[in-house]
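What follows is entry38.txt (compact mmCIF, C-alpha atoms and all ligand atoms).
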```txt
# COMPACT_ATOMS: atom_id res chain seq x y z
CA MET A 1 39.87 38.94 42.52
CA LEU A 2 36.50 37.27 41.82
CA CYS A 3 33.51 37.61 44.12
CA VAL A 4 30.39 35.46 44.40
CA ASN A 5 27.51 36.51 46.66
CA VAL A 6 25.42 34.08 48.68
CA ASP A 7 22.03 35.74 48.77
CA LEU A 8 20.34 34.99 52.09
CA LYS A 9 18.72 38.37 52.76
CA GLU A 10 20.15 39.88 55.96
CA ARG A 11 22.53 36.90 56.28
CA SER A 12 23.99 37.29 52.77
CA TYR A 13 27.75 37.06 52.48
CA PRO A 14 30.56 37.37 49.93
CA ILE A 15 32.95 34.67 48.76
CA TYR A 16 36.24 36.24 47.65
CA ILE A 17 38.40 34.18 45.30
CA GLY A 18 41.94 35.16 44.30
CA GLU A 19 45.68 34.78 44.71
CA GLY A 20 47.31 36.01 47.92
CA LEU A 21 44.07 36.92 49.75
CA LEU A 22 45.34 35.65 53.11
CA SER A 23 47.46 38.80 53.30
CA ASP A 24 44.81 41.21 52.03
CA THR A 25 43.41 43.21 54.96
CA GLN A 26 40.49 44.43 52.77
CA VAL A 27 38.73 41.06 52.54
CA TYR A 28 38.44 40.47 56.30
CA PRO A 29 35.19 41.87 57.81
CA LEU A 30 37.04 42.85 60.99
CA LYS A 31 38.17 46.07 62.66
CA LYS A 32 40.66 47.28 65.24
CA GLY A 33 40.03 45.77 68.68
CA ASP A 34 38.03 42.76 67.43
CA LYS A 35 38.81 39.53 69.24
CA VAL A 36 39.31 36.47 67.02
CA MET A 37 40.05 32.78 67.54
CA ILE A 38 41.61 30.97 64.59
CA VAL A 39 40.79 27.25 64.47
CA THR A 40 43.28 25.22 62.47
CA ASN A 41 45.53 22.15 62.68
CA PRO A 42 49.34 21.69 62.77
CA THR A 43 49.59 20.73 59.07
CA ILE A 44 47.92 23.94 57.93
CA ALA A 45 49.37 26.10 60.70
CA GLN A 46 52.93 25.48 59.53
CA HIS A 47 52.08 26.96 56.11
CA TYR A 48 49.52 29.69 56.78
CA LEU A 49 48.87 30.54 60.44
CA SER A 50 51.56 33.22 60.68
CA SER A 51 50.46 34.95 57.50
CA VAL A 52 46.79 35.11 58.60
CA THR A 53 47.80 36.18 62.13
CA GLU A 54 50.03 38.96 60.76
CA THR A 55 47.24 40.26 58.51
CA LEU A 56 44.75 40.28 61.40
CA GLU A 57 47.25 42.02 63.67
CA LYS A 58 47.78 44.62 60.97
CA ILE A 59 44.02 45.29 61.13
CA GLY A 60 44.41 45.62 64.91
CA CYS A 61 42.62 42.43 66.00
CA LEU A 62 43.44 40.53 69.17
CA VAL A 63 44.36 37.15 67.74
CA GLU A 64 44.43 33.74 69.37
CA SER A 65 44.47 30.28 67.85
CA VAL A 66 43.65 26.70 68.70
CA GLN A 67 44.96 23.66 66.83
CA LEU A 68 42.95 20.44 66.53
CA PRO A 69 44.57 17.12 65.66
CA ASP A 70 44.58 16.62 61.88
CA GLY A 71 42.18 14.16 60.27
CA GLU A 72 38.60 13.12 59.63
CA GLN A 73 38.82 10.80 62.66
CA TYR A 74 39.09 13.95 64.82
CA LYS A 75 35.89 15.49 63.49
CA THR A 76 34.38 14.73 66.87
CA LEU A 77 32.70 16.16 69.93
CA GLU A 78 36.13 15.97 71.65
CA SER A 79 37.60 18.40 69.10
CA LEU A 80 34.64 20.68 69.61
CA ASP A 81 35.41 20.67 73.30
CA LEU A 82 39.03 21.72 72.60
CA ILE A 83 37.68 24.83 70.87
CA PHE A 84 35.23 25.67 73.66
CA THR A 85 37.98 25.24 76.24
CA ALA A 86 40.33 27.56 74.35
CA LEU A 87 37.57 30.16 74.01
CA LEU A 88 36.60 30.01 77.67
CA GLN A 89 40.18 29.99 78.95
CA ALA A 90 40.86 33.19 76.98
CA ASN A 91 37.55 34.77 78.08
CA HIS A 92 36.02 35.07 74.63
CA GLY A 93 32.52 36.50 74.80
CA ARG A 94 29.63 36.70 72.37
CA ASP A 95 31.45 39.39 70.39
CA THR A 96 34.25 37.04 69.35
CA THR A 97 34.80 35.80 65.79
CA LEU A 98 35.83 32.25 64.97
CA ILE A 99 37.97 31.78 61.88
CA ALA A 100 38.24 28.34 60.29
CA LEU A 101 41.61 28.07 58.57
CA GLY A 102 41.78 24.70 56.86
CA GLY A 103 39.93 22.05 54.92
CA GLY A 104 36.42 20.72 55.31
CA VAL A 105 37.12 19.04 58.62
CA ILE A 106 38.29 22.25 60.28
CA GLY A 107 35.49 24.23 58.61
CA ASP A 108 32.76 21.83 59.73
CA VAL A 109 33.99 21.56 63.34
CA ALA A 110 34.77 25.27 63.74
CA GLY A 111 31.44 26.14 62.14
CA TYR A 112 29.54 24.01 64.62
CA ALA A 113 31.57 25.52 67.46
CA ALA A 114 30.62 29.00 66.18
CA ALA A 115 26.96 27.97 65.95
CA SER A 116 26.85 26.77 69.53
CA TYR A 117 29.40 28.83 71.53
CA GLN A 118 27.31 31.15 73.70
CA ARG A 119 24.42 30.35 71.28
CA GLY A 120 26.25 31.64 68.24
CA VAL A 121 29.21 33.89 67.37
CA ARG A 122 30.50 35.35 64.09
CA PHE A 123 32.29 32.95 61.80
CA ILE A 124 34.70 33.39 58.85
CA GLN A 125 35.74 30.55 56.55
CA ILE A 126 39.24 30.47 55.04
CA PRO A 127 39.19 27.17 53.16
CA THR A 128 42.57 25.75 52.15
CA THR A 129 41.63 22.56 50.30
CA LEU A 130 39.98 22.46 46.88
CA LEU A 131 37.07 20.52 48.37
CA ALA A 132 36.51 23.16 51.03
CA GLN A 133 36.88 26.00 48.50
CA VAL A 134 34.24 24.64 46.13
CA ASP A 135 31.88 23.09 48.61
CA SER A 136 32.16 22.80 52.38
CA SER A 137 33.01 26.44 53.21
CA VAL A 138 29.88 27.66 51.40
CA GLY A 139 26.30 27.15 52.52
CA GLY A 140 26.49 26.79 56.27
CA LYS A 141 26.42 23.06 56.88
CA THR A 142 28.45 22.40 60.01
CA ALA A 143 28.84 19.11 61.87
CA VAL A 144 30.89 16.53 63.70
CA ASN A 145 30.77 12.77 63.16
CA HIS A 146 29.41 10.08 65.46
CA LYS A 147 30.91 6.59 65.35
CA LEU A 148 27.58 5.36 63.98
CA GLY A 149 27.32 7.93 61.24
CA LYS A 150 28.97 10.83 59.47
CA ASN A 151 27.96 14.44 60.17
CA MET A 152 25.23 13.25 62.52
CA ILE A 153 25.54 16.12 65.00
CA GLY A 154 25.51 19.63 63.62
CA ALA A 155 23.66 22.76 62.58
CA PHE A 156 23.00 25.04 59.64
CA TYR A 157 25.07 28.11 60.44
CA GLN A 158 26.30 30.53 57.79
CA PRO A 159 29.69 32.23 57.79
CA CYS A 160 29.79 36.02 57.38
CA THR A 161 32.57 35.86 54.74
CA VAL A 162 34.47 33.19 52.82
CA ILE A 163 38.06 34.01 51.81
CA ILE A 164 39.53 31.70 49.17
CA ASP A 165 43.24 32.17 48.54
CA THR A 166 43.90 29.85 45.60
CA LEU A 167 47.67 29.89 46.23
CA THR A 168 47.05 27.71 49.29
CA LEU A 169 46.38 24.82 46.91
CA ASN A 170 50.08 24.74 45.98
CA SER A 171 50.94 23.02 49.27
CA LEU A 172 48.01 20.58 49.13
CA PRO A 173 48.94 16.91 48.49
CA LYS A 174 47.91 15.75 44.99
CA ARG A 175 45.55 13.13 46.39
CA GLU A 176 43.64 15.89 48.21
CA VAL A 177 43.47 18.02 45.04
CA ASN A 178 41.94 15.07 43.21
CA ALA A 179 39.44 14.51 46.03
CA GLY A 180 38.32 18.13 45.61
CA LEU A 181 37.85 17.55 41.89
CA ALA A 182 35.19 14.94 42.75
CA GLU A 183 32.97 17.70 44.19
CA VAL A 184 33.78 19.92 41.19
CA ILE A 185 32.66 17.18 38.77
CA LYS A 186 29.57 16.68 40.92
CA TYR A 187 28.35 20.23 40.15
CA GLY A 188 28.54 19.63 36.41
CA ALA A 189 26.82 16.26 36.73
CA ILE A 190 23.88 17.48 38.83
CA LEU A 191 23.05 20.91 37.48
CA ASP A 192 25.26 22.25 34.70
CA HIS A 193 25.92 20.26 31.54
CA GLU A 194 27.82 23.18 29.98
CA PHE A 195 30.20 23.16 32.96
CA PHE A 196 30.56 19.37 32.64
CA VAL A 197 31.67 19.85 29.02
CA TRP A 198 34.09 22.62 30.13
CA LEU A 199 35.53 20.16 32.66
CA GLU A 200 35.94 17.48 29.99
CA GLN A 201 37.94 20.00 27.97
CA ASN A 202 40.01 21.45 30.84
CA ILE A 203 40.42 18.79 33.50
CA ASN A 204 44.18 18.55 32.83
CA HIS A 205 44.66 22.26 33.60
CA LEU A 206 42.90 21.73 36.93
CA VAL A 207 44.87 18.61 37.85
CA THR A 208 48.06 20.64 37.32
CA LEU A 209 46.69 23.59 39.33
CA GLU A 210 46.88 26.30 36.66
CA GLN A 211 45.69 29.42 38.49
CA ALA A 212 43.46 30.98 35.82
CA TYR A 213 41.56 27.73 35.26
CA LEU A 214 41.35 27.04 39.00
CA GLN A 215 39.87 30.44 39.80
CA GLN A 216 37.32 30.22 36.99
CA CYS A 217 36.37 26.72 38.13
CA ILE A 218 36.11 27.58 41.84
CA ALA A 219 33.98 30.66 41.10
CA ARG A 220 31.62 28.60 38.92
CA CYS A 221 31.24 25.93 41.61
CA CYS A 222 30.63 28.55 44.32
CA GLN A 223 28.05 30.27 42.10
CA ILE A 224 26.18 27.00 41.51
CA LYS A 225 26.24 26.22 45.23
CA ALA A 226 25.28 29.79 46.20
CA ASP A 227 22.24 29.61 43.90
CA VAL A 228 21.11 26.31 45.38
CA VAL A 229 21.62 27.49 48.97
CA ALA A 230 19.75 30.73 48.28
CA ARG A 231 16.78 28.67 47.04
CA ASP A 232 16.86 26.02 49.77
CA GLU A 233 19.11 26.82 52.72
CA THR A 234 18.01 23.96 54.98
CA GLU A 235 17.62 21.21 52.39
CA GLN A 236 13.87 20.93 52.11
CA GLY A 237 14.20 20.33 48.37
CA ASP A 238 16.83 21.16 45.74
CA ARG A 239 19.80 21.29 48.10
CA ALA A 240 19.65 17.50 48.41
CA LEU A 241 20.90 17.38 44.80
CA LEU A 242 24.32 18.48 46.10
CA ASN A 243 24.53 15.03 47.67
CA LEU A 244 24.97 13.07 44.45
CA GLY A 245 27.06 10.00 45.35
CA HIS A 246 27.16 10.96 49.03
CA THR A 247 24.78 8.29 50.38
CA PHE A 248 26.98 5.59 48.86
CA GLY A 249 30.13 7.56 49.72
CA HIS A 250 29.24 8.06 53.37
CA ALA A 251 28.66 4.29 53.62
CA ILE A 252 32.20 3.75 52.32
CA GLU A 253 33.69 6.29 54.76
CA THR A 254 31.80 4.92 57.75
CA HIS A 255 32.38 1.26 56.90
CA LEU A 256 36.12 1.58 56.24
CA GLY A 257 36.67 3.89 59.24
CA TYR A 258 36.92 7.66 58.84
CA GLY A 259 40.00 8.83 56.99
CA LYS A 260 40.84 5.61 55.07
CA TRP A 261 39.29 6.83 51.85
CA LEU A 262 39.13 10.60 51.47
CA HIS A 263 35.62 12.09 51.38
CA GLY A 264 36.03 13.10 47.72
CA GLU A 265 37.27 9.63 46.77
CA ALA A 266 34.26 8.00 48.42
CA VAL A 267 31.96 10.50 46.67
CA ALA A 268 33.60 9.70 43.31
CA ALA A 269 32.89 5.97 43.65
CA GLY A 270 29.43 6.84 45.00
CA MET A 271 28.68 9.04 41.97
CA MET A 272 29.51 6.10 39.71
CA MET A 273 27.11 3.89 41.71
CA ALA A 274 24.40 6.53 41.37
CA ALA A 275 25.08 6.85 37.63
CA VAL A 276 25.00 3.07 37.08
CA LEU A 277 21.76 2.88 39.08
CA SER A 278 20.30 5.71 36.98
CA GLU A 279 21.20 3.75 33.85
CA LYS A 280 19.61 0.57 35.23
CA LEU A 281 16.43 2.57 35.92
CA GLY A 282 16.38 3.60 32.26
CA ASP A 283 17.23 7.28 32.76
CA LEU A 284 20.93 7.86 32.04
CA SER A 285 22.45 6.73 28.77
CA PHE A 286 25.35 4.29 28.66
CA ASN A 287 27.38 7.00 26.93
CA ASP A 288 26.80 9.48 29.80
CA VAL A 289 27.85 6.88 32.38
CA ALA A 290 31.04 6.34 30.36
CA ARG A 291 31.69 10.12 30.16
CA LEU A 292 31.38 10.45 33.95
CA GLU A 293 33.68 7.46 34.49
CA LYS A 294 36.27 8.90 32.10
CA LEU A 295 36.25 12.33 33.73
CA LEU A 296 36.60 10.86 37.24
CA ALA A 297 39.46 8.64 36.04
CA GLN A 298 41.20 11.66 34.45
CA ALA A 299 41.07 13.27 37.89
CA ASN A 300 42.72 10.10 39.28
CA LEU A 301 39.64 9.22 41.30
CA PRO A 302 38.25 5.77 42.14
CA THR A 303 35.23 4.65 40.12
CA ILE A 304 34.59 1.35 41.91
CA SER A 305 33.89 0.21 45.46
CA PRO A 306 36.75 -0.51 47.89
CA ASP A 307 37.68 -4.18 47.45
CA THR A 308 37.04 -4.90 51.15
CA MET A 309 33.34 -3.99 50.85
CA ASN A 310 30.54 -5.97 49.27
CA ALA A 311 27.15 -4.67 48.22
CA GLU A 312 25.39 -5.87 51.39
CA ASP A 313 27.78 -3.81 53.53
CA TYR A 314 26.33 -0.59 52.12
CA LEU A 315 22.65 -0.78 53.02
CA PRO A 316 22.77 -0.53 56.84
CA HIS A 317 24.88 2.62 56.51
CA MET A 318 22.71 4.02 53.73
CA MET A 319 19.57 3.57 55.83
CA ARG A 320 21.02 5.99 58.41
CA ASP A 321 21.44 8.69 55.76
CA LYS A 322 19.86 12.01 56.69
CA LYS A 323 17.74 11.91 53.53
CA VAL A 324 15.95 8.72 54.68
CA LEU A 325 12.28 9.57 55.33
CA ALA A 326 9.84 7.22 57.08
CA GLY A 327 12.35 4.38 56.69
CA LYS A 328 12.55 4.90 52.92
CA LEU A 329 15.80 5.46 51.08
CA ARG A 330 15.97 8.68 49.06
CA LEU A 331 18.79 8.85 46.54
CA VAL A 332 20.08 11.55 44.23
CA LEU A 333 20.06 10.10 40.71
CA LEU A 334 20.61 11.45 37.21
CA LYS A 335 18.17 11.90 34.33
CA SER A 336 21.08 13.08 32.22
CA LEU A 337 24.44 14.77 32.79
CA GLY A 338 23.47 18.15 34.23
CA GLN A 339 20.04 17.04 35.45
CA ALA A 340 19.71 15.35 38.84
CA TYR A 341 16.61 14.46 40.84
CA VAL A 342 15.76 12.89 44.19
CA ALA A 343 14.38 9.37 43.79
CA THR A 344 12.14 8.15 46.59
CA ASP A 345 11.88 4.52 47.60
CA THR A 346 14.12 3.03 44.92
CA ASP A 347 13.91 -0.76 44.91
CA LYS A 348 16.77 -2.04 47.09
CA GLU A 349 17.50 -4.85 44.62
CA TYR A 350 18.33 -2.24 41.95
CA VAL A 351 20.55 -0.43 44.45
CA LEU A 352 22.43 -3.62 45.33
CA ASP A 353 22.73 -4.49 41.65
CA ALA A 354 24.27 -1.09 40.87
CA ILE A 355 26.77 -1.43 43.72
CA ARG A 356 27.70 -4.93 42.52
CA THR A 357 28.32 -3.53 39.04
CA CYS A 358 30.77 -1.10 40.64
CA THR A 359 32.80 -3.71 42.49
CA GLN A 360 36.14 -5.09 41.46
CA ASN A 361 34.87 -8.64 41.10
CA SER A 362 31.90 -7.84 38.88
P1 LIG B 401 40.48 17.80 55.34
O1 LIG B 401 39.88 18.95 56.00
O2 LIG B 401 40.75 16.58 56.15
O3 LIG B 401 41.85 18.27 54.66
C1 LIG B 401 42.61 17.32 53.96
C2 LIG B 401 44.07 17.28 54.42
O4 LIG B 401 44.76 18.35 53.83
C3 LIG B 401 44.27 17.42 55.92
O5 LIG B 401 45.35 16.61 56.30
C4 LIG B 401 44.62 18.89 56.07
O6 LIG B 401 45.37 19.14 57.24
C5 LIG B 401 45.43 19.12 54.85
N1 LIG B 401 45.45 20.47 54.31
C6 LIG B 401 44.43 21.35 54.25
N2 LIG B 401 44.79 22.42 53.55
C7 LIG B 401 46.07 22.24 53.20
C8 LIG B 401 46.98 22.99 52.42
N3 LIG B 401 46.63 24.12 51.82
N4 LIG B 401 48.23 22.52 52.27
C9 LIG B 401 48.59 21.32 52.81
N5 LIG B 401 47.77 20.54 53.51
C10 LIG B 401 46.51 21.00 53.69
O7 LIG B 401 39.60 17.29 54.09
P2 LIG B 401 38.67 18.07 53.06
O8 LIG B 401 38.63 17.19 51.86
O9 LIG B 401 39.01 19.47 52.90
O10 LIG B 401 37.24 18.04 53.76
C11 LIG B 401 36.54 16.84 53.97
C12 LIG B 401 35.48 17.10 54.99
O11 LIG B 401 34.57 18.07 54.50
C13 LIG B 401 34.64 15.88 55.34
O12 LIG B 401 34.53 15.79 56.73
C14 LIG B 401 33.29 16.17 54.72
O13 LIG B 401 32.24 15.57 55.43
C15 LIG B 401 33.24 17.66 54.79
N6 LIG B 401 32.34 18.29 53.83
C16 LIG B 401 31.47 19.20 54.31
C17 LIG B 401 30.62 19.85 53.43
C18 LIG B 401 29.71 20.91 53.93
O14 LIG B 401 28.85 21.38 53.18
N7 LIG B 401 29.87 21.35 55.16
C19 LIG B 401 30.68 19.56 52.05
C20 LIG B 401 31.60 18.62 51.61
C21 LIG B 401 32.43 17.99 52.51
N1 LIG B 402 27.72 19.47 50.45
C1 LIG B 402 26.32 19.39 50.42
C2 LIG B 402 25.63 20.62 50.90
O1 LIG B 402 26.25 21.59 51.27
O2 LIG B 402 24.43 20.65 50.95
```
What does this structure look like when you write it as structure tokens?
Ligand code: NAD
Ligand code: GLY
Amino acid sequence: MLCVNVDLKERSYPIYIGEGLLSDTQVYPLKKGDKVMIVTNPTIAQHYLSSVTETLEKIGCLVESVQLPDGEQYKTLESLDLIFTALLQANHGRDTTLIALGGGVIGDVAGYAAASYQRGVRFIQIPTTLLAQVDSSVGGKTAVNHKLGKNMIGAFYQPCTVIIDTLTLNSLPKREVNAGLAEVIKYGAILDHEFFVWLEQNINHLVTLEQAYLQQCIARCCQIKADVVARDETEQGDRALLNLGHTFGHAIETHLGYGKWLHGEAVAAGMMMAAVLSEKLGDLSFNDVARLEKLLAQANLPTISPDTMNAEDYLPHMMRDKKVLAGKLRLVLLKSLGQAYVATDTDKEYVLDAIRTCTQNS
């Protein structure tokens, strides 16, 4: 088992990474008599709910669960209400623990529920998608969507433990595995050229879910994210770098309707737009743009805009991005592979030009 620590002083927590951890009583920070509510969905429940429940019962916990409908379109205030209702109906008090068992959607909704139920209760993340294992379960961003914008209602709220059982990826649809690889590639592109090179050499082992490579990769991603979060928990600076491609990607997700393109797919196309824009601004070399495009394509990810969107469709969505300050667009761009920065007030004509370059008809 590998372990990465997120260093946030008295709110520090471990991320355990290994095979079969769902059934390992040692990794759960719980004791006999603790009350827990597992938040999951029917897709994940059929594979893993009984195994987590059995492990918790072995510890002696009083276990209940609530299942939300599956999908990004249910990352809503209504789903939040389902959790609150389940908690209240079963008389859960402030000493309860919420456990998110699922992908990023479950983690984000359950996390926000934990942040706000009775002003905050303990929270454990058990991420079961690659995207959630390398990104969303770590760092405490929790949220639900609004129809006018993604992740618009939420809070920073850290889990007390993250338990990553890499065997859960065996039941994950291939398209979802690939979407997770977009966030993996992101880490190399923004902060770690050596890791980017490692990915270029080993992407095939990851696509085919070879355990040793997966665990090494997930631990590296969690370490990069843990370091960033320790420096800048609430995104006053460096943490924004983790959003490479996201401003473009969120525009795709919102414009198409949540769930049409997977988050990771939208981020992949968005990273290409950011890379092309960086090249147009004279920072990134043509060769580096080509390397990023090749790696994304090897992970079976889109590198161009959806064909139903044109460049003008992006800007209204992008202007609602949480990084916008005083009406000015702030974008994460690349100086080189492994070195990202936040660009303030980039000329909108350059932005549109980069998006046009990444459309099918260009
Ligand atoms: P997801 O949660 O929708 O999961 C993808 C699909 O896989 C779902 O149908 C789910 O039921 C299913 N699934 C999950 N685990 C499975 C398994 N082991 N076997 C079979 N099926 C399984 O999608 P996601 O990609 O995990 O997360 C995307 C969400 O994460 C977005 O809402 C995005 O905004 C959010 N996100 C949050 C952060 C953050 O820092 N909080 C970071 C990145 C992304
Ligand atoms: N996924 C971006 C962040 O956690 O900040």
query = Once you count all atoms listed in the file, which residues end up within 7 Å of ligand LIG 401 (chain B), and could you hand them over as number ranges by chain?
reply = A: 41, 43-44, 70-72, 75, 102-106, 108, 128-132, 135-142, 151, 168-173, 176, 179-180, 262-264
inquiry  = Report as a PyMOL selection string all protein, DNA and RNA residues lying within 10 Å of A:Lys335, evaluated on only C-alpha atoms, omitting residues in the same chain fewer than 6 positions from it.
reply    = chain A and resi 189-190+275+278-279+281-285+341
key: Selection: 9 Å around A:Lys328, only C-alpha atoms, excl. self and same-chain fewer than 6 positions, as JSON, numbers by chain   = {"A": [319, 344, 345, 346]}
Which of A:Glu57, A:Asp24, A:Glu233, A:Glu10 sits closest to ligand LIG 402 (chain B) [using all atoms listed in the file] =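 Once distances to ligand LIG 402 (chain B) are computed over all atoms listed in the file, the minimum belongs to A:Glu233.
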ask   = Which residues come within 8 Å of A:Thr254, counting only C-alpha atoms, excluding same-chain residues fewer than 5 positions away, as a PyMOL selection string?
value = chain A and resi 147-150+317
request  = Find the residues around stretch 292-298 of chain A up to 9 Å (all atoms listed in the file counted), leave out those fewer than 6 positions away in its own chain, and share them as a list of chain:residue names.
outcome  = A:Leu181, A:Ala182, A:Ile185, A:Ala189, A:Leu199, A:Glu200, A:Ile203, A:Asn204, A:Val207, A:Ala268, A:Ala269, A:Met271, A:Met272, A:Ala275, A:Leu337
Deliver the residues from the most recent selection as a file, using C-alpha atoms, as a short mmCIF file (atom, residue, chain, number, x, y, z; two decimals), keeping the file's coordinate frame.
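Output below, filename again_39.cif:
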```
data_model
loop_
_atom_site.label_atom_id
_atom_site.label_comp_id
_atom_site.auth_asym_id
_atom_site.auth_seq_id
_atom_site.Cartn_x
_atom_site.Cartn_y
_atom_site.Cartn_z
CA LEU A 181 37.85 17.55 41.89
CA ALA A 182 35.19 14.94 42.75
CA ILE A 185 32.66 17.18 38.77
CA ALA A 189 26.82 16.26 36.73
CA LEU A 199 35.53 20.16 32.66
CA GLU A 200 35.94 17.48 29.99
CA ILE A 203 40.42 18.79 33.50
CA ASN A 204 44.18 18.55 32.83
CA VAL A 207 44.87 18.61 37.85
CA ALA A 268 33.60 9.70 43.31
CA ALA A 269 32.89 5.97 43.65
CA MET A 271 28.68 9.04 41.97
CA MET A 272 29.51 6.10 39.71
CA ALA A 275 25.08 6.85 37.63
CA LEU A 337 24.44 14.77 32.79
#
```
key: Length of the atom CA of A:Ala110 to atom CA of A:Leu77 vector [Å]   = 11.2 Å
